[in-house]
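Coordinates as given in start_16.cif (mmCIF, C-alpha atoms and all ligand atoms):
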```cif
data_query
#
loop_
_atom_site.label_atom_id
_atom_site.label_comp_id
_atom_site.auth_asym_id
_atom_site.auth_seq_id
_atom_site.Cartn_x
_atom_site.Cartn_y
_atom_site.Cartn_z
CA MET U 1 -51.33 4.99 -37.66
CA GLU U 2 -47.99 6.39 -36.45
CA ASN U 3 -49.09 6.94 -32.87
CA TYR U 4 -47.32 5.18 -30.01
CA VAL U 5 -48.53 4.37 -26.50
CA PHE U 6 -45.79 3.96 -23.87
CA ILE U 7 -46.83 1.41 -21.21
CA THR U 8 -44.87 0.66 -18.04
CA GLY U 9 -45.38 -2.73 -16.41
CA ALA U 10 -46.54 -4.41 -19.64
CA THR U 11 -45.40 -7.90 -18.61
CA SER U 12 -48.52 -8.67 -16.57
CA GLY U 13 -51.94 -7.54 -15.35
CA PHE U 14 -53.28 -4.11 -16.36
CA GLY U 15 -50.21 -3.18 -18.44
CA GLU U 16 -50.34 -6.33 -20.55
CA ALA U 17 -54.12 -5.96 -21.01
CA CYS U 18 -53.62 -2.32 -22.13
CA ALA U 19 -50.99 -3.48 -24.63
CA ARG U 20 -53.49 -5.97 -26.07
CA GLU U 21 -56.35 -3.43 -26.14
CA PHE U 22 -54.37 -0.62 -27.79
CA GLY U 23 -52.61 -3.08 -30.14
CA LYS U 24 -55.95 -4.54 -31.25
CA ASN U 25 -57.04 -1.00 -32.11
CA GLY U 26 -54.00 -0.35 -34.30
CA TRP U 27 -51.78 1.60 -31.89
CA ASN U 28 -48.02 1.10 -31.96
CA LEU U 29 -46.61 0.08 -28.61
CA ILE U 30 -43.60 0.73 -26.41
CA LEU U 31 -43.74 -2.05 -23.83
CA THR U 32 -41.65 -1.89 -20.68
CA GLY U 33 -40.94 -4.04 -17.64
CA ARG U 34 -38.11 -5.99 -16.02
CA ARG U 35 -38.95 -9.48 -17.38
CA SER U 36 -37.39 -9.29 -20.83
CA ASP U 37 -38.56 -12.79 -21.87
CA ARG U 38 -42.21 -11.84 -21.36
CA LEU U 39 -41.70 -8.51 -23.12
CA SER U 40 -40.27 -10.08 -26.27
CA VAL U 41 -42.92 -12.79 -26.45
CA LEU U 42 -45.71 -10.21 -26.08
CA ALA U 43 -44.13 -7.78 -28.55
CA ASP U 44 -43.70 -10.53 -31.18
CA GLU U 45 -47.26 -11.79 -30.67
CA LEU U 46 -48.90 -8.36 -30.97
CA LYS U 47 -46.71 -7.28 -33.88
CA SER U 48 -47.79 -10.21 -35.97
CA ALA U 49 -51.43 -10.30 -34.78
CA TYR U 50 -52.15 -6.63 -35.52
CA SER U 51 -49.43 -5.54 -38.01
CA ILE U 52 -48.24 -2.82 -35.62
CA GLN U 53 -44.83 -1.69 -34.36
CA CYS U 54 -43.88 -2.96 -30.90
CA VAL U 55 -40.74 -1.82 -29.10
CA PRO U 56 -39.85 -3.88 -26.00
CA LEU U 57 -37.78 -1.87 -23.48
CA CYS U 58 -36.41 -3.76 -20.50
CA PHE U 59 -35.61 -1.61 -17.46
CA ASP U 60 -36.36 -1.19 -13.78
CA VAL U 61 -38.31 2.03 -13.19
CA ARG U 62 -36.41 2.47 -9.89
CA VAL U 63 -33.05 2.92 -11.62
CA GLU U 64 -32.93 6.56 -12.65
CA GLU U 65 -30.01 6.24 -15.07
CA ASP U 66 -31.54 3.25 -16.86
CA VAL U 67 -34.90 4.98 -17.25
CA PHE U 68 -33.40 8.08 -18.89
CA LYS U 69 -30.84 6.21 -21.04
CA THR U 70 -33.40 3.71 -22.30
CA VAL U 71 -36.03 6.29 -23.20
CA GLU U 72 -33.38 8.45 -24.86
CA SER U 73 -32.22 5.43 -26.93
CA LEU U 74 -35.55 5.25 -28.79
CA ASP U 75 -35.51 6.32 -32.45
CA GLU U 76 -36.32 10.00 -32.92
CA ALA U 77 -39.32 9.07 -35.09
CA VAL U 78 -40.70 6.90 -32.28
CA LYS U 79 -40.12 9.53 -29.58
CA SER U 80 -41.89 12.15 -31.62
CA SER U 81 -44.89 9.84 -32.07
CA ILE U 82 -45.58 9.08 -28.39
CA LYS U 83 -49.15 10.23 -27.72
CA ILE U 84 -50.01 8.33 -24.55
CA LEU U 85 -48.03 7.40 -21.43
CA ILE U 86 -49.55 4.78 -19.13
CA ASN U 87 -47.73 4.93 -15.78
CA ASN U 88 -48.83 1.51 -14.61
CA ALA U 89 -45.75 -0.26 -13.15
CA GLY U 90 -46.26 -0.64 -9.43
CA LEU U 91 -46.69 -3.01 -6.56
CA ALA U 92 -47.58 -3.64 -2.96
CA VAL U 93 -45.13 -5.60 -0.85
CA GLY U 94 -46.41 -6.93 2.46
CA LYS U 95 -49.46 -5.96 4.51
CA GLY U 96 -49.39 -5.45 8.25
CA PRO U 97 -49.11 -2.97 11.13
CA ILE U 98 -46.71 -0.11 10.56
CA ASP U 99 -44.61 -0.90 13.63
CA GLU U 100 -43.85 -4.34 12.19
CA GLY U 101 -43.17 -3.12 8.64
CA LEU U 102 -40.00 -4.17 6.79
CA ILE U 103 -37.90 -1.25 5.60
CA ASP U 104 -37.01 -3.11 2.40
CA ASP U 105 -40.74 -3.53 1.57
CA TRP U 106 -41.32 0.19 2.17
CA ASP U 107 -38.36 1.12 -0.04
CA ARG U 108 -39.59 -1.10 -2.87
CA MET U 109 -43.06 0.48 -2.83
CA ILE U 110 -41.88 4.08 -2.52
CA ASP U 111 -39.09 3.64 -5.10
CA THR U 112 -41.38 1.94 -7.63
CA ASN U 113 -44.78 3.58 -7.16
CA ILE U 114 -43.60 7.15 -6.57
CA LYS U 115 -40.00 7.65 -7.70
CA GLY U 116 -40.27 5.25 -10.65
CA LEU U 117 -43.42 6.96 -11.88
CA LEU U 118 -41.66 10.32 -11.55
CA TYR U 119 -38.54 9.19 -13.45
CA VAL U 120 -40.55 7.78 -16.36
CA SER U 121 -42.79 10.86 -16.47
CA ARG U 122 -39.77 13.19 -16.44
CA ALA U 123 -38.19 11.21 -19.29
CA VAL U 124 -41.31 10.98 -21.49
CA ILE U 125 -43.23 14.24 -20.90
CA PRO U 126 -40.79 16.39 -22.96
CA PHE U 127 -41.79 14.36 -26.03
CA LEU U 128 -45.51 14.83 -25.35
CA LYS U 129 -44.90 18.57 -24.93
CA ALA U 130 -42.90 18.77 -28.13
CA ASN U 131 -45.69 16.89 -29.92
CA GLY U 132 -48.20 19.52 -28.79
CA SER U 133 -50.65 17.11 -27.14
CA GLY U 134 -50.78 13.90 -25.20
CA HIS U 135 -52.45 11.89 -22.47
CA ILE U 136 -50.94 10.54 -19.26
CA PHE U 137 -52.67 7.77 -17.28
CA ASN U 138 -51.46 7.22 -13.73
CA LEU U 139 -52.45 3.97 -12.02
CA GLY U 140 -53.55 5.09 -8.61
CA SER U 141 -55.89 2.91 -6.57
CA ILE U 142 -58.79 2.94 -4.13
CA ALA U 143 -55.78 2.77 -1.77
CA GLY U 144 -54.96 6.30 -3.01
CA LYS U 145 -58.39 7.53 -1.91
CA GLU U 146 -58.78 5.68 1.39
CA VAL U 147 -56.53 3.84 3.84
CA TYR U 148 -57.13 0.38 5.29
CA PRO U 149 -55.61 -1.73 8.07
CA GLY U 150 -52.10 -2.90 7.16
CA GLY U 151 -52.06 -0.85 3.96
CA ASN U 152 -50.06 2.07 5.42
CA VAL U 153 -47.08 2.57 3.05
CA TYR U 154 -48.80 1.17 -0.05
CA CYS U 155 -51.75 3.52 0.61
CA ALA U 156 -49.34 6.43 1.13
CA SER U 157 -47.63 5.67 -2.18
CA LYS U 158 -50.97 5.63 -4.01
CA HIS U 159 -52.10 8.84 -2.28
CA ALA U 160 -48.89 10.31 -3.72
CA VAL U 161 -49.91 9.12 -7.19
CA ASP U 162 -53.31 10.78 -6.70
CA ALA U 163 -51.58 14.06 -5.74
CA LEU U 164 -49.14 13.81 -8.64
CA SER U 165 -52.02 13.32 -11.09
CA LYS U 166 -53.60 16.56 -9.85
CA ALA U 167 -50.25 18.36 -9.97
CA MET U 168 -49.37 17.12 -13.47
CA ARG U 169 -52.77 18.26 -14.72
CA ILE U 170 -52.07 21.80 -13.53
CA ASP U 171 -48.49 21.90 -14.81
CA LEU U 172 -49.35 20.47 -18.23
CA VAL U 173 -52.69 22.09 -19.04
CA ASN U 174 -51.02 24.76 -21.18
CA TYR U 175 -49.57 22.07 -23.45
CA GLY U 176 -52.83 20.29 -24.27
CA ILE U 177 -51.80 17.27 -22.22
CA LYS U 178 -54.59 15.36 -20.48
CA VAL U 179 -53.92 13.58 -17.17
CA THR U 180 -56.20 10.81 -15.91
CA ASN U 181 -55.90 9.13 -12.53
CA ILE U 182 -57.26 5.57 -12.61
CA ALA U 183 -58.23 4.23 -9.17
CA PRO U 184 -59.27 0.56 -9.25
CA GLY U 185 -60.53 -1.55 -6.38
CA ALA U 186 -59.69 -5.24 -6.09
CA ALA U 187 -58.55 -6.74 -9.39
CA GLU U 188 -57.20 -10.26 -9.79
CA THR U 189 -53.80 -10.00 -11.48
CA GLU U 190 -50.34 -10.91 -10.16
CA PHE U 191 -50.74 -8.03 -7.66
CA SER U 192 -51.57 -10.19 -4.60
CA LEU U 193 -49.01 -12.85 -5.50
CA VAL U 194 -46.36 -10.10 -5.44
CA ARG U 195 -47.80 -8.52 -2.29
CA PHE U 196 -47.73 -11.84 -0.42
CA LYS U 197 -44.30 -12.77 -1.79
CA GLY U 198 -45.32 -15.77 -3.87
CA ASP U 199 -47.80 -17.31 -1.37
CA ASP U 200 -50.38 -18.46 -3.90
CA ALA U 201 -52.99 -19.59 -1.33
CA VAL U 202 -53.00 -16.25 0.52
CA ALA U 203 -53.02 -14.36 -2.78
CA LYS U 204 -56.03 -16.31 -4.07
CA SER U 205 -57.91 -15.93 -0.77
CA VAL U 206 -58.03 -12.14 -1.30
CA TYR U 207 -60.67 -12.77 -3.98
CA ASP U 208 -62.68 -15.43 -2.13
CA GLY U 209 -66.44 -14.94 -2.06
CA PHE U 210 -66.82 -12.15 -4.63
CA THR U 211 -66.12 -11.44 -8.28
CA PRO U 212 -63.10 -9.14 -8.59
CA LEU U 213 -62.22 -6.91 -11.51
CA VAL U 214 -59.99 -8.39 -14.20
CA ALA U 215 -57.23 -6.61 -16.11
CA GLN U 216 -59.36 -6.33 -19.24
CA ASP U 217 -61.90 -4.18 -17.32
CA ILE U 218 -59.19 -1.61 -16.66
CA ALA U 219 -57.73 -1.77 -20.18
CA GLU U 220 -61.13 -1.20 -21.81
CA THR U 221 -61.77 1.76 -19.49
CA ILE U 222 -58.40 3.34 -20.25
CA TYR U 223 -58.97 2.86 -23.98
CA PHE U 224 -62.41 4.48 -23.69
CA VAL U 225 -60.96 7.49 -21.82
CA ALA U 226 -58.10 7.79 -24.31
CA THR U 227 -60.47 7.94 -27.26
CA ARG U 228 -62.76 10.79 -26.12
CA PRO U 229 -62.80 13.86 -28.37
CA ASN U 230 -59.89 16.32 -28.01
CA HIS U 231 -61.90 18.81 -25.97
CA VAL U 232 -63.03 16.20 -23.40
CA THR U 233 -60.93 15.04 -20.45
CA ILE U 234 -61.82 12.50 -17.79
CA ASN U 235 -59.67 13.43 -14.81
CA ASP U 236 -60.27 10.74 -12.29
CA LEU U 237 -62.01 7.37 -12.32
CA THR U 238 -62.64 5.03 -9.39
CA ILE U 239 -63.48 1.58 -10.74
CA MET U 240 -64.69 -1.07 -8.32
CA PRO U 241 -65.98 -4.62 -8.41
CA THR U 242 -69.74 -4.38 -7.92
CA ALA U 243 -69.32 -6.30 -4.64
CA GLN U 244 -66.84 -3.72 -3.23
CA ALA U 245 -68.29 -0.53 -1.71
CA SER U 246 -65.09 0.97 -0.26
CA ALA U 247 -61.50 -0.08 0.45
CA THR U 248 -62.73 -2.32 3.26
CA VAL U 249 -66.44 -3.08 2.66
CA PHE U 250 -67.19 -6.13 0.52
CA HIS U 251 -70.34 -8.14 -0.08
CA LYS U 252 -69.04 -11.70 0.08
CA ASN U 253 -70.94 -14.97 -0.44
P1 LIG S 1 -49.16 -7.02 -11.73
O1 LIG S 1 -48.27 -7.49 -10.63
O2 LIG S 1 -49.91 -8.01 -12.50
O3 LIG S 1 -48.30 -6.10 -12.74
C1 LIG S 1 -47.38 -5.17 -12.27
C2 LIG S 1 -46.49 -4.73 -13.40
O4 LIG S 1 -45.57 -3.74 -12.88
C3 LIG S 1 -45.66 -5.86 -13.97
O5 LIG S 1 -45.67 -5.77 -15.37
C4 LIG S 1 -44.26 -5.59 -13.44
O6 LIG S 1 -43.29 -5.98 -14.41
C5 LIG S 1 -44.26 -4.06 -13.31
N1 LIG S 1 -43.26 -3.61 -12.35
C6 LIG S 1 -43.26 -3.80 -11.00
N2 LIG S 1 -42.14 -3.29 -10.46
C7 LIG S 1 -41.42 -2.78 -11.49
C8 LIG S 1 -40.16 -2.13 -11.58
N3 LIG S 1 -39.41 -1.89 -10.49
N4 LIG S 1 -39.72 -1.72 -12.79
C9 LIG S 1 -40.47 -1.96 -13.89
N5 LIG S 1 -41.66 -2.56 -13.89
C10 LIG S 1 -42.14 -2.97 -12.70
O7 LIG S 1 -50.14 -5.98 -11.03
P2 LIG S 1 -51.36 -5.08 -11.61
O8 LIG S 1 -51.47 -5.17 -13.07
O9 LIG S 1 -52.54 -5.40 -10.79
O10 LIG S 1 -50.87 -3.64 -11.15
C11 LIG S 1 -50.62 -2.57 -12.05
C12 LIG S 1 -50.78 -1.26 -11.31
O11 LIG S 1 -52.12 -1.14 -10.83
C13 LIG S 1 -49.90 -1.12 -10.06
O12 LIG S 1 -49.43 0.21 -10.02
C14 LIG S 1 -50.85 -1.41 -8.91
O13 LIG S 1 -50.44 -0.77 -7.72
C15 LIG S 1 -52.13 -0.83 -9.45
N6 LIG S 1 -53.37 -1.34 -8.88
C16 LIG S 1 -53.64 -2.68 -8.83
C17 LIG S 1 -54.85 -3.12 -8.30
C18 LIG S 1 -55.18 -4.56 -8.17
O14 LIG S 1 -56.04 -4.91 -7.34
N7 LIG S 1 -54.59 -5.46 -8.96
C19 LIG S 1 -55.87 -2.17 -7.84
C20 LIG S 1 -55.47 -0.80 -7.91
C21 LIG S 1 -54.28 -0.41 -8.45
P3 LIG S 1 -41.91 -6.73 -14.10
O15 LIG S 1 -42.11 -7.57 -12.87
O16 LIG S 1 -41.65 -7.52 -15.34
O17 LIG S 1 -40.93 -5.63 -13.92
C1 LIG S 2 -54.77 -2.38 -4.99
C2 LIG S 2 -56.11 -2.39 -4.34
O1 LIG S 2 -57.26 -2.18 -2.09
O2 LIG S 2 -55.74 -4.06 -2.41
O3 LIG S 2 -54.33 -1.08 -5.17
O4 LIG S 2 -54.89 -1.86 -2.10
S1 LIG S 2 -55.95 -2.63 -2.65
#
```
What does the file become when written as structure tokens?
Ligand code: NDP
Ligand code: 8X3
Amino acid sequence: MENYVFITGATSGFGEACAREFGKNGWNLILTGRRSDRLSVLADELKSAYSIQCVPLCFDVRVEEDVFKTVESLDEAVKSSIKILINNAGLAVGKGPIDEGLIDDWDRMIDTNIKGLLYVSRAVIPFLKANGSGHIFNLGSIAGKEVYPGGNVYCASKHAVDALSKAMRIDLVNYGIKVTNIAPGAAETEFSLVRFKGDDAVAKSVYDGFTPLVAQDIAETIYFVATRPNHVTINDLTIMPTAQASATVFHKN
């Protein structure tokens, strides 16, 4: 199979699980993230496990010039075989009242979750259009559907992703490009470790008393959506742990 899936944030969590799921099913992979050591180890592992092509691309989605130069540097044959873009790279940094928020945390979330997603989309969509079809997955969140105490800027950034998914769908419908917004609830990945700046105990406590989603749950869902027949599109999916009823309501032991 010549088809490639382009995954941002493939060094951990949902992105890495998507790489494994698509790789297992014979897809070629373009894997991106900032941690080049993790990218090369994963690319080498999946290449040999599944006899597929894996292209590791190390860049920060916040750096406009690097995004465009790196995507442009791909071989023409690879660019013309990109069928799926998974806009997954993202993060929360900090959680607390807006009047105590750190500007640097806000910048990191807005620059990564909104501007980074836009840069990558702007760089990759021309290839999907030229190929005459394609599928974009944007990792939104339950935080893009609801807001919760202390979530302010992260929630705003994910509401922006939700809006961009709707907007992309309208702008790209004439080119046969599907756009799916994926909105998970609590999933145990490196997300909380990043949010709480390396405080492992606080990060772990987020998942105390209930069974959270795991990255594989999201990867399997994305793979299912990506493999529907051509005439079927799933626009928006909210995926929650069974013990989570809304952004703030959990059934805990
Ligand atoms: P992880 O922290 O495990 O993974 C995040 C990935 O994003 C990493 O691969 C990281 O790679 C990449 N990334 C972060 N910042 C940048 C950057 N500036 N440039 C390039 N890559 C970057 O978290 P998850 O897998 O949980 O999160 C994936 C997405 O899902 C995020 O958008 C998150 O907001 C969203 N989400 C997560 C939920 C959860 O509960 N876990 C629920 C709902 C949505 P590297 O550090 O190597 O650059
Ligand atoms: C991550 C889920 O609810 O912790 O997007 O913000 S939440």
Compile a residue-level contact table for chain U against ligand LIG 2 (chain S) at a cut-off of 7 Å, reporting for every qualifying residue the shortest atom pair and its distance in Å to one decimal, with only C-alpha atoms and all ligand atoms counted, rows ordered by chain and ascending number, as CSV.
```
residue,atom,partner,partner_atom,distance
U:Ser141,CA,S:LIG2,O3,4.5
U:Ile142,CA,S:LIG2,O1,5.7
U:Ala143,CA,S:LIG2,O4,4.7
U:Gly151,CA,S:LIG2,O4,6.8
U:Cys155,CA,S:LIG2,O4,6.8
U:Pro184,CA,S:LIG2,C2,6.5
U:Gly185,CA,S:LIG2,C2,4.9
U:Ala186,CA,S:LIG2,C2,4.9
U:Ala247,CA,S:LIG2,O1,5.4
```
* To do: Write out as a ChimeraX atom specification each polymer residue (protein, DNA or RNA) that has an atom no more than 8 Å from ligand LIG 1 (chain S), with only C-alpha atoms and all ligand atoms counted.
  => /U:8-16,32-36,38-39,58-62,87-92,108,111-113,116,139-143,158,182-194,213,215
* To do: Check the smallest atom-to-atom distance from each of U:Asp66, U:Asp162, U:Glu72, U:Asp105 to Pro126 of chain U using only C-alpha atoms, then report the winner.
  =>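 Looking at the shortest contact to Pro126 of chain U, the residue is U:Glu72.
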* Asked: Hey, which of U:Ile7, U:Ala203, U:Ile222, U:Ile234 ends up closest to Arg169 of chain U? Count all atoms listed in the file.
  ->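 When distances to Arg169 of chain U are compared using all atoms listed in the file, the smallest one comes from U:Ile234.
What separates atom CA of Val41 of chain U from atom CA of Val225 of chain U is a distance of 27.5 Å.
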* Asked: Which of these residues is nearest to Gly23 of chain U, using only C-alpha atoms: U:Ala160, U:Asp37, U:Val55, U:Gly134?
  ->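 Smallest separation from Gly23 of chain U among the options: U:Val55.
With all atoms listed in the file taken into account, the protein and nucleic acid residues at most 9 Å from Lys79 of chain U (excluding it and anything under 5 positions from it in its own chain) are Tyr4, Val71, Glu72, Leu74, Val124, Phe127 and Leu128 of chain U.
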* Between atom CA of Tyr148 of chain U and atom CA of Ile218 of chain U, distance in Å (one decimal) -> 22.1 Å
